[in-house]
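Chemist: Dropping in model-v1.pdb, which is PDB, C-alpha atoms:
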ATOM      1  CA  MET A 106      -0.845  65.518  66.153  1.00  0.00           C
ATOM      2  CA  THR A 107       2.081  66.427  63.916  1.00  0.00           C
ATOM      3  CA  ASN A 108       0.013  69.034  62.089  1.00  0.00           C
ATOM      4  CA  TRP A 109      -0.952  70.654  65.389  1.00  0.00           C
ATOM      5  CA  ILE A 110       2.685  70.828  66.453  1.00  0.00           C
ATOM      6  CA  ALA A 111       3.628  72.317  63.068  1.00  0.00           C
ATOM      7  CA  ALA A 112       0.768  74.836  63.343  1.00  0.00           C
ATOM      8  CA  SER A 113       1.968  75.815  66.828  1.00  0.00           C
ATOM      9  CA  LEU A 114       5.505  76.307  65.527  1.00  0.00           C
ATOM     10  CA  PHE A 115       4.229  78.436  62.641  1.00  0.00           C
ATOM     11  CA  GLY A 116       2.252  80.457  65.171  1.00  0.00           C
ATOM     12  CA  LEU A 117       5.345  80.924  67.320  1.00  0.00           C
ATOM     13  CA  TYR A 118       7.324  82.037  64.271  1.00  0.00           C
ATOM     14  CA  ALA A 119       4.625  84.543  63.280  1.00  0.00           C
ATOM     15  CA  ALA A 120       4.271  85.875  66.822  1.00  0.00           C
ATOM     16  CA  VAL A 121       8.006  86.370  67.319  1.00  0.00           C
ATOM     17  CA  THR A 122       8.453  87.892  63.846  1.00  0.00           C
ATOM     18  CA  LEU A 123       5.652  90.405  64.378  1.00  0.00           C
ATOM     19  CA  ILE A 124       6.016  91.150  68.075  1.00  0.00           C
ATOM     20  CA  ALA A 125       9.790  91.103  68.641  1.00  0.00           C
ATOM     21  CA  PRO A 126      10.534  94.182  66.481  1.00  0.00           C
ATOM     22  CA  THR A 127       7.813  96.183  68.240  1.00  0.00           C
ATOM     23  CA  VAL A 128       9.572  95.382  71.517  1.00  0.00           C
ATOM     24  CA  TRP A 129      13.273  95.497  70.623  1.00  0.00           C
ATOM     25  CA  ALA A 130      13.173  98.252  67.987  1.00  0.00           C
ATOM     26  CA  ARG A 131      11.570 100.823  70.269  1.00  0.00           C
ATOM     27  CA  PRO A 132      13.757 103.951  70.060  1.00  0.00           C
ATOM     28  CA  THR A 133      13.688 104.487  73.827  1.00  0.00           C
ATOM     29  CA  LEU A 134      14.911 100.962  74.530  1.00  0.00           C
ATOM     30  CA  VAL A 135      17.563 101.125  71.785  1.00  0.00           C
ATOM     31  CA  ASN A 136      18.766 104.429  73.213  1.00  0.00           C
ATOM     32  CA  THR A 137      18.949 103.342  76.855  1.00  0.00           C
ATOM     33  CA  HIS A 138      19.836  99.637  76.617  1.00  0.00           C
ATOM     34  CA  PRO A 139      21.486  98.901  73.236  1.00  0.00           C
ATOM     35  CA  ARG A 140      23.191  95.715  74.441  1.00  0.00           C
ATOM     36  CA  LEU A 141      19.887  94.337  75.727  1.00  0.00           C
ATOM     37  CA  VAL A 142      18.347  95.083  72.335  1.00  0.00           C
ATOM     38  CA  LEU A 143      21.118  93.173  70.564  1.00  0.00           C
ATOM     39  CA  TRP A 144      20.802  90.112  72.816  1.00  0.00           C
ATOM     40  CA  GLY A 145      17.015  90.208  72.567  1.00  0.00           C
ATOM     41  CA  TRP A 146      17.157  90.476  68.796  1.00  0.00           C
ATOM     42  CA  VAL A 147      19.547  87.542  68.434  1.00  0.00           C
ATOM     43  CA  THR A 148      17.415  85.383  70.728  1.00  0.00           C
ATOM     44  CA  SER A 149      14.229  86.304  68.883  1.00  0.00           C
ATOM     45  CA  ALA A 150      15.800  85.657  65.484  1.00  0.00           C
ATOM     46  CA  LEU A 151      17.030  82.225  66.554  1.00  0.00           C
ATOM     47  CA  VAL A 152      13.659  81.273  68.060  1.00  0.00           C
ATOM     48  CA  ALA A 153      11.788  82.426  64.945  1.00  0.00           C
ATOM     49  CA  GLY A 154      14.180  80.745  62.521  1.00  0.00           C
ATOM     50  CA  LEU A 155      14.280  77.438  64.367  1.00  0.00           C
ATOM     51  CA  SER A 156      10.485  77.413  64.772  1.00  0.00           C
ATOM     52  CA  LEU A 157       9.934  77.984  61.060  1.00  0.00           C
ATOM     53  CA  VAL A 158      12.448  75.364  59.932  1.00  0.00           C
ATOM     54  CA  ALA A 159      11.169  72.819  62.467  1.00  0.00           C
ATOM     55  CA  ALA A 160       7.566  73.333  61.319  1.00  0.00           C
ATOM     56  CA  LEU A 161       8.504  72.855  57.671  1.00  0.00           C
ATOM     57  CA  LEU A 162      10.535  69.725  58.440  1.00  0.00           C
ATOM     58  CA  LEU A 163       7.640  68.241  60.411  1.00  0.00           C
ATOM     59  CA  LEU A 164       5.288  68.700  57.468  1.00  0.00           C
ATOM     60  CA  ILE A 165       7.840  67.205  55.097  1.00  0.00           C
ATOM     61  CA  GLN A 166       8.337  64.234  57.429  1.00  0.00           C
ATOM     62  CA  ARG A 167       4.571  63.661  57.658  1.00  0.00           C
ATOM     63  CA  SER A 168       4.290  63.721  53.871  1.00  0.00           C
ATOM     64  CA  LEU A 169       7.141  61.256  53.426  1.00  0.00           C
ATOM     65  CA  ARG A 170       5.631  58.896  55.980  1.00  0.00           C
ATOM     66  CA  HIS A 171       2.744  58.221  53.605  1.00  0.00           C
ATOM     67  CA  GLU A 172       5.275  57.034  51.039  1.00  0.00           C
ATOM     68  CA  ILE A 173       6.514  54.396  53.507  1.00  0.00           C
ATOM     69  CA  ASP A 174       3.504  53.353  55.572  1.00  0.00           C
ATOM     70  CA  PRO A 175       0.550  51.699  53.792  1.00  0.00           C
ATOM     71  CA  ILE A 176      -2.539  53.894  53.367  1.00  0.00           C
ATOM     72  CA  PRO A 177      -5.859  52.217  54.351  1.00  0.00           C
ATOM     73  CA  ASN A 178      -8.387  51.722  51.560  1.00  0.00           C
ATOM     74  CA  GLY A 179     -10.812  54.608  51.225  1.00  0.00           C
ATOM     75  CA  VAL A 180      -8.567  57.045  53.072  1.00  0.00           C
ATOM     76  CA  TRP A 181      -7.325  59.642  50.623  1.00  0.00           C
ATOM     77  CA  LEU A 182      -8.130  63.178  51.811  1.00  0.00           C
ATOM     78  CA  GLY A 183      -5.711  63.252  54.749  1.00  0.00           C
ATOM     79  CA  PRO A 184      -2.761  61.823  52.817  1.00  0.00           C
ATOM     80  CA  LEU A 185      -3.515  64.182  49.901  1.00  0.00           C
ATOM     81  CA  VAL A 186      -3.488  67.223  52.189  1.00  0.00           C
ATOM     82  CA  ASP A 187      -0.279  66.006  53.843  1.00  0.00           C
ATOM     83  CA  THR A 188       1.343  65.528  50.439  1.00  0.00           C
ATOM     84  CA  ILE A 189       0.368  69.021  49.300  1.00  0.00           C
ATOM     85  CA  LEU A 190       1.632  70.543  52.546  1.00  0.00           C
ATOM     86  CA  GLY A 191       4.816  68.503  52.272  1.00  0.00           C
ATOM     87  CA  TRP A 192       5.602  69.730  48.766  1.00  0.00           C
ATOM     88  CA  ALA A 193       4.718  73.288  49.754  1.00  0.00           C
ATOM     89  CA  SER A 194       7.075  72.983  52.726  1.00  0.00           C
ATOM     90  CA  ILE A 195       9.865  71.703  50.488  1.00  0.00           C
ATOM     91  CA  ALA A 196       9.332  74.683  48.176  1.00  0.00           C
ATOM     92  CA  ALA A 197       9.274  77.118  51.101  1.00  0.00           C
ATOM     93  CA  LEU A 198      12.403  75.606  52.647  1.00  0.00           C
ATOM     94  CA  GLY A 199      14.153  75.723  49.290  1.00  0.00           C
ATOM     95  CA  LEU A 200      13.218  79.390  48.849  1.00  0.00           C
ATOM     96  CA  ILE A 201      14.494  80.224  52.325  1.00  0.00           C
ATOM     97  CA  LEU A 202      17.786  78.429  51.717  1.00  0.00           C
ATOM     98  CA  PHE A 203      18.153  80.154  48.345  1.00  0.00           C
ATOM     99  CA  ARG A 204      17.579  83.617  49.822  1.00  0.00           C
ATOM    100  CA  VAL A 205      19.930  82.915  52.703  1.00  0.00           C
ATOM    101  CA  GLY A 206      22.570  81.706  50.237  1.00  0.00           C
ATOM    102  CA  VAL A 207      22.220  84.818  48.076  1.00  0.00           C
ATOM    103  CA  ALA A 208      22.352  87.110  51.123  1.00  0.00           C
ATOM    104  CA  VAL A 209      25.442  85.358  52.501  1.00  0.00           C
ATOM    105  CA  SER A 210      27.120  85.515  49.099  1.00  0.00           C
ATOM    106  CA  ASP A 211      26.369  89.237  48.781  1.00  0.00           C
ATOM    107  CA  LEU A 212      27.656  89.903  52.285  1.00  0.00           C
ATOM    108  CA  ARG A 213      30.840  87.983  51.596  1.00  0.00           C
ATOM    109  CA  GLY A 214      31.376  89.867  48.345  1.00  0.00           C
ATOM    110  CA  ALA A 215      30.842  93.249  50.000  1.00  0.00           C
ATOM    111  CA  ARG A 216      33.052  92.306  52.936  1.00  0.00           C
ATOM    112  CA  ARG A 217      35.767  91.020  50.591  1.00  0.00           C
ATOM    113  CA  GLU A 218      35.778  94.266  48.613  1.00  0.00           C
ATOM    114  CA  GLN A 219      35.817  96.364  51.771  1.00  0.00           C
ATOM    115  CA  GLY A 220      38.481  94.171  53.302  1.00  0.00           C
ATOM    116  CA  LEU A 221      40.719  94.475  50.254  1.00  0.00           C
ATOM    117  CA  ALA A 222      40.362  98.258  50.253  1.00  0.00           C
ATOM    118  CA  LEU A 223      41.052  98.545  53.974  1.00  0.00           C
ATOM    119  CA  ALA A 224      43.882  96.026  53.816  1.00  0.00           C
ATOM    120  CA  ALA A 225      45.529  98.033  51.042  1.00  0.00           C
ATOM    121  CA  LEU A 226      45.164 101.162  53.157  1.00  0.00           C
ATOM    122  CA  SER A 227      46.459  99.542  56.326  1.00  0.00           C
ATOM    123  CA  SER A 228      49.309  97.593  54.717  1.00  0.00           C
ATOM    124  CA  THR A 229      51.594 100.578  55.239  1.00  0.00           C
ATOM    125  CA  GLY A 230      50.437 101.097  58.814  1.00  0.00           C
ATOM    126  CA  ASP A 231      52.745 101.289  61.803  1.00  0.00           C
ATOM    127  CA  PRO A 232      51.783  99.274  64.900  1.00  0.00           C
ATOM    128  CA  VAL A 233      51.104 101.527  67.886  1.00  0.00           C
ATOM    129  CA  GLN A 234      49.395 101.201  71.239  1.00  0.00           C
ATOM    130  CA  ILE A 235      46.563 103.592  71.935  1.00  0.00           C
ATOM    131  CA  GLY A 236      45.474 103.305  75.536  1.00  0.00           C
ATOM    132  CA  ASN A 237      45.160  99.570  76.155  1.00  0.00           C
ATOM    133  CA  THR A 238      44.517  98.706  72.521  1.00  0.00           C
ATOM    134  CA  HIS A 239      46.904  97.801  69.716  1.00  0.00           C
ATOM    135  CA  ALA A 240      46.196  99.558  66.426  1.00  0.00           C
ATOM    136  CA  LEU A 241      47.789 100.560  63.128  1.00  0.00           C
ATOM    137  CA  ARG A 242      48.629 104.160  62.268  1.00  0.00           C
ATOM    138  CA  VAL A 243      48.175 104.779  58.534  1.00  0.00           C
ATOM    139  CA  SER A 244      49.439 107.844  56.700  1.00  0.00           C
ATOM    140  CA  SER A 245      46.445 109.337  54.872  1.00  0.00           C
ATOM    141  CA  ASP A 246      44.702 112.672  54.354  1.00  0.00           C
ATOM    142  CA  LEU A 247      41.347 110.966  54.955  1.00  0.00           C
ATOM    143  CA  PRO A 248      40.223 111.107  58.603  1.00  0.00           C
ATOM    144  CA  LEU A 249      39.204 107.545  59.352  1.00  0.00           C
ATOM    145  CA  VAL A 250      39.134 104.901  62.054  1.00  0.00           C
ATOM    146  CA  ALA A 251      37.869 101.412  61.256  1.00  0.00           C
ATOM    147  CA  THR A 252      38.237  97.718  61.918  1.00  0.00           C
ATOM    148  CA  LEU A 253      39.369  94.817  59.786  1.00  0.00           C
ATOM    149  CA  SER A 254      36.908  92.267  61.160  1.00  0.00           C
ATOM    150  CA  ALA A 255      38.521  89.269  59.459  1.00  0.00           C
ATOM    151  CA  ASP A 256      41.947  90.114  60.893  1.00  0.00           C
ATOM    152  CA  LYS A 257      40.580  91.624  64.127  1.00  0.00           C
ATOM    153  CA  LYS A 258      42.695  94.713  63.568  1.00  0.00           C
ATOM    154  CA  ILE A 259      41.952  98.376  64.135  1.00  0.00           C
ATOM    155  CA  PHE A 260      43.545 101.183  62.188  1.00  0.00           C
ATOM    156  CA  PHE A 261      43.333 104.959  62.173  1.00  0.00           C
ATOM    157  CA  THR A 262      44.776 107.584  59.867  1.00  0.00           C
ATOM    158  CA  THR A 263      47.212 110.367  60.596  1.00  0.00           C
ATOM    159  CA  ALA A 264      44.573 112.852  59.443  1.00  0.00           C
ATOM    160  CA  LEU A 265      42.219 111.666  62.179  1.00  0.00           C
ATOM    161  CA  GLU A 266      45.054 111.656  64.717  1.00  0.00           C
ATOM    162  CA  GLY A 267      45.690 115.316  63.921  1.00  0.00           C
ATOM    163  CA  GLN A 268      42.051 116.203  64.631  1.00  0.00           C
ATOM    164  CA  LEU A 269      41.761 114.478  68.004  1.00  0.00           C
ATOM    165  CA  SER A 270      43.373 114.730  71.402  1.00  0.00           C
ATOM    166  CA  ASP A 271      45.073 111.677  72.866  1.00  0.00           C
ATOM    167  CA  ASP A 272      42.010 110.755  74.947  1.00  0.00           C
ATOM    168  CA  GLN A 273      39.639 111.338  72.041  1.00  0.00           C
ATOM    169  CA  LEU A 274      41.718 109.119  69.757  1.00  0.00           C
ATOM    170  CA  ALA A 275      41.861 106.442  72.447  1.00  0.00           C
ATOM    171  CA  ALA A 276      38.073 106.668  72.815  1.00  0.00           C
ATOM    172  CA  ALA A 277      37.644 106.255  69.044  1.00  0.00           C
ATOM    173  CA  VAL A 278      39.907 103.187  69.028  1.00  0.00           C
ATOM    174  CA  THR A 279      38.081 101.736  72.049  1.00  0.00           C
ATOM    175  CA  HIS A 280      34.806 102.212  70.173  1.00  0.00           C
ATOM    176  CA  GLU A 281      36.168 100.083  67.336  1.00  0.00           C
ATOM    177  CA  GLN A 282      37.497  97.510  69.785  1.00  0.00           C
ATOM    178  CA  ALA A 283      33.984  97.206  71.225  1.00  0.00           C
ATOM    179  CA  HIS A 284      32.701  96.383  67.733  1.00  0.00           C
ATOM    180  CA  LEU A 285      35.190  93.520  67.536  1.00  0.00           C
ATOM    181  CA  HIS A 286      34.536  92.190  71.039  1.00  0.00           C
ATOM    182  CA  GLY A 287      30.762  92.406  70.565  1.00  0.00           C
ATOM    183  CA  HIS A 288      30.841  90.648  67.168  1.00  0.00           C
ATOM    184  CA  HIS A 289      28.788  93.542  65.835  1.00  0.00           C
ATOM    185  CA  ALA A 290      29.623  92.781  62.214  1.00  0.00           C
ATOM    186  CA  SER A 291      28.063  89.334  62.642  1.00  0.00           C
ATOM    187  CA  LEU A 292      24.955  90.799  64.275  1.00  0.00           C
ATOM    188  CA  ARG A 293      24.501  93.211  61.382  1.00  0.00           C
ATOM    189  CA  ALA A 294      24.976  90.340  58.953  1.00  0.00           C
ATOM    190  CA  LEU A 295      22.271  88.369  60.775  1.00  0.00           C
ATOM    191  CA  ALA A 296      19.912  91.329  60.445  1.00  0.00           C
ATOM    192  CA  ALA A 297      20.706  91.591  56.740  1.00  0.00           C
ATOM    193  CA  ILE A 298      20.021  87.874  56.232  1.00  0.00           C
ATOM    194  CA  ALA A 299      16.717  88.121  58.113  1.00  0.00           C
ATOM    195  CA  THR A 300      15.697  91.016  55.865  1.00  0.00           C
ATOM    196  CA  ALA A 301      16.663  89.014  52.764  1.00  0.00           C
ATOM    197  CA  VAL A 302      14.585  86.029  53.904  1.00  0.00           C
ATOM    198  CA  ALA A 303      11.502  88.172  54.596  1.00  0.00           C
ATOM    199  CA  PRO A 304      11.981  91.276  52.412  1.00  0.00           C
ATOM    200  CA  SER A 305       8.299  92.244  52.457  1.00  0.00           C
ATOM    201  CA  PHE A 306       8.131  92.376  56.267  1.00  0.00           C
ATOM    202  CA  ARG A 307       8.464  95.942  57.512  1.00  0.00           C
ATOM    203  CA  SER A 308       9.272  94.547  60.952  1.00  0.00           C
ATOM    204  CA  THR A 309      12.509  92.911  59.783  1.00  0.00           C
ATOM    205  CA  LYS A 310      13.650  96.137  58.127  1.00  0.00           C
ATOM    206  CA  GLU A 311      12.935  98.050  61.329  1.00  0.00           C
ATOM    207  CA  MET A 312      14.870  95.470  63.320  1.00  0.00           C
ATOM    208  CA  ALA A 313      17.815  95.666  60.922  1.00  0.00           C
ATOM    209  CA  ARG A 314      17.900  99.449  61.336  1.00  0.00           C
ATOM    210  CA  ALA A 315      17.638  99.128  65.119  1.00  0.00           C
ATOM    211  CA  THR A 316      20.520  96.628  65.062  1.00  0.00           C
ATOM    212  CA  ARG A 317      22.773  99.037  63.168  1.00  0.00           C
ATOM    213  CA  ILE A 318      21.995 101.825  65.619  1.00  0.00           C
ATOM    214  CA  ALA A 319      22.288  99.605  68.702  1.00  0.00           C
ATOM    215  CA  THR A 320      25.749  98.359  67.706  1.00  0.00           C
ATOM    216  CA  GLU A 321      26.988 101.951  67.425  1.00  0.00           C
ATOM    217  CA  LEU A 322      25.419 102.978  70.729  1.00  0.00           C
ATOM    218  CA  ALA A 323      26.812  99.910  72.494  1.00  0.00           C
ATOM    219  CA  ALA A 324      30.293 100.764  71.181  1.00  0.00           C
ATOM    220  CA  ASP A 325      29.807 104.405  72.272  1.00  0.00           C
ATOM    221  CA  ASP A 326      28.914 103.195  75.763  1.00  0.00           C
ATOM    222  CA  ALA A 327      32.003 100.965  75.941  1.00  0.00           C
ATOM    223  CA  ALA A 328      34.237 103.909  75.055  1.00  0.00           C
ATOM    224  CA  ALA A 329      32.337 106.218  77.433  1.00  0.00           C
ATOM    225  CA  ARG A 330      32.815 103.855  80.375  1.00  0.00           C
ATOM    226  CA  ARG A 331      36.580 104.203  79.970  1.00  0.00           C
ATOM    227  CA  TYR A 332      37.032 107.788  78.799  1.00  0.00           C
ATOM    228  CA  GLY A 333      33.764 109.483  79.707  1.00  0.00           C
ATOM    229  CA  PRO A 334      30.782 110.401  77.507  1.00  0.00           C
ATOM    230  CA  ALA A 335      32.040 113.952  76.938  1.00  0.00           C
ATOM    231  CA  THR A 336      35.289 112.700  75.383  1.00  0.00           C
ATOM    232  CA  VAL A 337      33.444 110.274  73.114  1.00  0.00           C
ATOM    233  CA  ALA A 338      31.027 113.018  72.035  1.00  0.00           C
ATOM    234  CA  GLN A 339      33.908 115.349  71.231  1.00  0.00           C
ATOM    235  CA  ALA A 340      35.638 112.621  69.216  1.00  0.00           C
ATOM    236  CA  LEU A 341      32.464 111.997  67.203  1.00  0.00           C
ATOM    237  CA  ALA A 342      31.931 115.701  66.559  1.00  0.00           C
ATOM    238  CA  ALA A 343      35.514 116.168  65.392  1.00  0.00           C
ATOM    239  CA  SER A 344      35.695 112.984  63.309  1.00  0.00           C
ATOM    240  CA  PHE A 345      32.307 112.682  61.604  1.00  0.00           C
ATOM    241  CA  PRO A 346      30.518 116.058  61.726  1.00  0.00           C
ATOM    242  CA  ASP A 347      28.307 115.419  58.672  1.00  0.00           C
ATOM    243  CA  GLU A 348      27.621 111.688  58.986  1.00  0.00           C
ATOM    244  CA  GLY A 349      24.079 110.446  59.532  1.00  0.00           C
ATOM    245  CA  TYR A 350      22.840 109.861  63.075  1.00  0.00           C
ATOM    246  CA  ILE A 351      26.020 111.358  64.580  1.00  0.00           C
ATOM    247  CA  PRO A 352      24.172 114.421  66.013  1.00  0.00           C
ATOM    248  CA  GLU A 353      21.721 112.123  67.847  1.00  0.00           C
ATOM    249  CA  ARG A 354      24.597 110.080  69.267  1.00  0.00           C
ATOM    250  CA  ILE A 355      26.347 113.239  70.413  1.00  0.00           C
ATOM    251  CA  ARG A 356      23.176 114.536  72.109  1.00  0.00           C
ATOM    252  CA  ARG A 357      22.766 111.180  73.855  1.00  0.00           C
ATOM    253  CA  LEU A 358      26.325 111.307  75.164  1.00  0.00           C
ATOM    254  CA  ASP A 359      25.960 114.949  76.207  1.00  0.00           C
ATOM    255  CA  ALA A 360      22.835 114.074  78.159  1.00  0.00           C
ATOM    256  CA  ARG A 361      24.722 111.314  79.994  1.00  0.00           C
ATOM    257  CA  SER A 362      27.626 113.660  80.638  1.00  0.00           C
ATOM    258  CA  ASN A 363      25.305 116.293  82.167  1.00  0.00           C
ATOM    259  CA  SER A 364      23.246 113.852  84.225  1.00  0.00           C
TER
END
Once more with this new file: its structure as structure tokens, please.
Modeler:
Amino acid sequence: MTNWIAASLFGLYAAVTLIAPTVWARPTLVNTHPRLVLWGWVTSALVAGLSLVAALLLLIQRSLRHEIDPIPNGVWLGPLVDTILGWASIAALGLILFRVGVAVSDLRGARREQGLALAALSSTGDPVQIGNTHALRVSSDLPLVATLSADKKIFFTTALEGQLSDDQLAAAVTHEQAHLHGHHASLRALAAIATAVAPSFRSTKEMARATRIATELAADDAAARRYGPATVAQALAASFPDEGYIPERIRRLDARSNS
């Protein structure tokens, strides 16, 4: 019975891993309902991860049971298979934990380096209120707006302020605030960990890419609800004219503005 339950859990893991990205990573769905994509992705990732770990633990438990309960004379094939599956499950679980540990360590290292750089830049910032959001104004020739996720702070540079109108700057800051409120950095980290655990799965890479795009679109929508899609599009065009995927985001906002 235990093996059938474990097989069902493995089947659920495989089904969710293969099917979920084909559903949630569809460009049309990402474009129209980015928040739904993010919630669906998190739910699918949790279901898949818990199913896989539960299946492995069941096989390990079944293998260990033979070490405790007496085995009837002449019965050897079943316990042997259970033992092999148990050791294989231990190896698989160890590999998963190792890859998760490496991915988390890499993410922490990258975040620490980025945080130190941004903290150094924002340490000279002046607290200001842009719209309904508190932010730091930093003197710099580099046009930039960003968040310090660990400190839950938003900062923008004087160079960016000079390129944008008051409403456009407020829209840019609101976009960053949406990243903080939506825990988008954590969602991207989850996608990165999932890719590290199953690096050979094209579906996880597609889902990671869809997650990055969906977090930006969700933040665009949050800013557009307050300041209008045209203002957000103008802020993007003025701030990041050559950055990847910005033209598609601007066209999406223009379409909403004209609808």
Chemist: Counting all atoms listed in the file, which residues of range 274-298 of chain A sit at most 8 Å from some atom of range 236-241 of chain A, and what is each one's closest atom pair with its distance in Å to one decimal, listed by chain and rising residue number, as JSON lines?
Modeler:
{"residue": "A:Ala275", "atom": "CA", "partner": "A:Gly236", "partner_atom": "CA", "distance": 5.7}
{"residue": "A:Val278", "atom": "CA", "partner": "A:Thr238", "partner_atom": "CA", "distance": 7.3}
{"residue": "A:Thr279", "atom": "CA", "partner": "A:Thr238", "partner_atom": "CA", "distance": 7.1}
{"residue": "A:Gln282", "atom": "CA", "partner": "A:Thr238", "partner_atom": "CA", "distance": 7.6}
Chemist: Do you know which residues the PyMOL selection byres ((chain A and resi 138) around 12) returns on this file, as a list of chain:residue names?
Modeler: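 Checking the PyMOL selection byres ((chain A and resi 138) around 12) against this file, the residues are A:Trp129, A:Ala130, A:Arg131, A:Pro132, A:Thr133, A:Leu134, A:Val135, A:Asn136, A:Thr137, A:Pro139, A:Arg140, A:Leu141, A:Val142, A:Leu143, A:Trp144, A:Gly145, A:Ala315, A:Thr316, A:Ile318, A:Ala319, A:Thr320, A:Glu321, A:Leu322, A:Ala323, A:Ala324, A:Asp325, A:Asp326.
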Chemist: Could those residues be written to a file, using C-alpha atoms, as a PDB file, in the coordinates of the input?
Modeler:
ATOM      1  CA  TRP A 129      13.273  95.497  70.623  1.00  0.00           C
ATOM      2  CA  ALA A 130      13.173  98.252  67.987  1.00  0.00           C
ATOM      3  CA  ARG A 131      11.570 100.823  70.269  1.00  0.00           C
ATOM      4  CA  PRO A 132      13.757 103.951  70.060  1.00  0.00           C
ATOM      5  CA  THR A 133      13.688 104.487  73.827  1.00  0.00           C
ATOM      6  CA  LEU A 134      14.911 100.962  74.530  1.00  0.00           C
ATOM      7  CA  VAL A 135      17.563 101.125  71.785  1.00  0.00           C
ATOM      8  CA  ASN A 136      18.766 104.429  73.213  1.00  0.00           C
ATOM      9  CA  THR A 137      18.949 103.342  76.855  1.00  0.00           C
ATOM     10  CA  PRO A 139      21.486  98.901  73.236  1.00  0.00           C
ATOM     11  CA  ARG A 140      23.191  95.715  74.441  1.00  0.00           C
ATOM     12  CA  LEU A 141      19.887  94.337  75.727  1.00  0.00           C
ATOM     13  CA  VAL A 142      18.347  95.083  72.335  1.00  0.00           C
ATOM     14  CA  LEU A 143      21.118  93.173  70.564  1.00  0.00           C
ATOM     15  CA  TRP A 144      20.802  90.112  72.816  1.00  0.00           C
ATOM     16  CA  GLY A 145      17.015  90.208  72.567  1.00  0.00           C
ATOM     17  CA  ALA A 315      17.638  99.128  65.119  1.00  0.00           C
ATOM     18  CA  THR A 316      20.520  96.628  65.062  1.00  0.00           C
ATOM     19  CA  ILE A 318      21.995 101.825  65.619  1.00  0.00           C
ATOM     20  CA  ALA A 319      22.288  99.605  68.702  1.00  0.00           C
ATOM     21  CA  THR A 320      25.749  98.359  67.706  1.00  0.00           C
ATOM     22  CA  GLU A 321      26.988 101.951  67.425  1.00  0.00           C
ATOM     23  CA  LEU A 322      25.419 102.978  70.729  1.00  0.00           C
ATOM     24  CA  ALA A 323      26.812  99.910  72.494  1.00  0.00           C
ATOM     25  CA  ALA A 324      30.293 100.764  71.181  1.00  0.00           C
ATOM     26  CA  ASP A 325      29.807 104.405  72.272  1.00  0.00           C
ATOM     27  CA  ASP A 326      28.914 103.195  75.763  1.00  0.00           C
TER      28      ASP A 326
END
Chemist: When you draw a straight line from CA of Ser156 in chain A to CA of Ala196 in chain A, how long is it in Å?
Modeler: 16.9 Å
Chemist: Which residue, A:Ala251, A:Ile355, A:Val147, A:Ala290, has the smallest gap to Gln339 in chain A when you use all atoms listed in the file?
Modeler: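 The answer is A:Ile355, which sits nearest to Gln339 in chain A.
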Chemist: Kindly give the distance, in Å, that separates CA of Arg357 in chain A and CA of Ala338 in chain A, rounded to a single decimal.
Modeler: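 CA of Ala338 in chain A lies at a distance of 8.7 Å from CA of Arg357 in chain A.
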Chemist: Can you measure CA of Thr263 in chain A to CA of Glu348 in chain A for me? One decimal in Å is fine.
Modeler: 19.7 Å
Chemist: Please return the centre and edge lengths, in Å to one decimal, of a box with edges along x, y and z that contains all listed atoms of range 334-350 of chain A, widened by 8 Å on every side, as JSON.
Modeler:
{"center_x": 29.3, "center_y": 113.0, "center_z": 68.1, "size_x": 28.9, "size_y": 22.3, "size_z": 34.8}
Chemist: Pull out every residue that the PyMOL selection byres ((chain A and resi 188) around 9) matches in the shown coordinates and put them as JSON, numbers by chain.
Modeler: {"A": [164, 165, 167, 168, 169, 171, 183, 184, 185, 186, 187, 189, 190, 191, 192, 193]}
Chemist: Report the residues retrieved by the PyMOL selection byres ((chain A and resi 310) around 12) from the displayed file, expressed as a PyMOL selection string.
Modeler: chain A and resi 122-123+126-127+130+293+295-309+311-317
Chemist: Hey, which of A:Leu341, A:Leu155, A:Leu114, A:Ala150 ends up closest to Arg356 in chain A? Count all atoms listed in the file.
Modeler: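 Ranked by minimum distance to Arg356 in chain A, first place goes to A:Leu341.
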Chemist: Considering all atoms listed in the file, can you say which of A:Leu249, A:Ala343, A:Val243, A:Val152 comes closest to Phe115 in chain A?
Modeler: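 Looking at the shortest contact to Phe115 in chain A, the residue is A:Val152.
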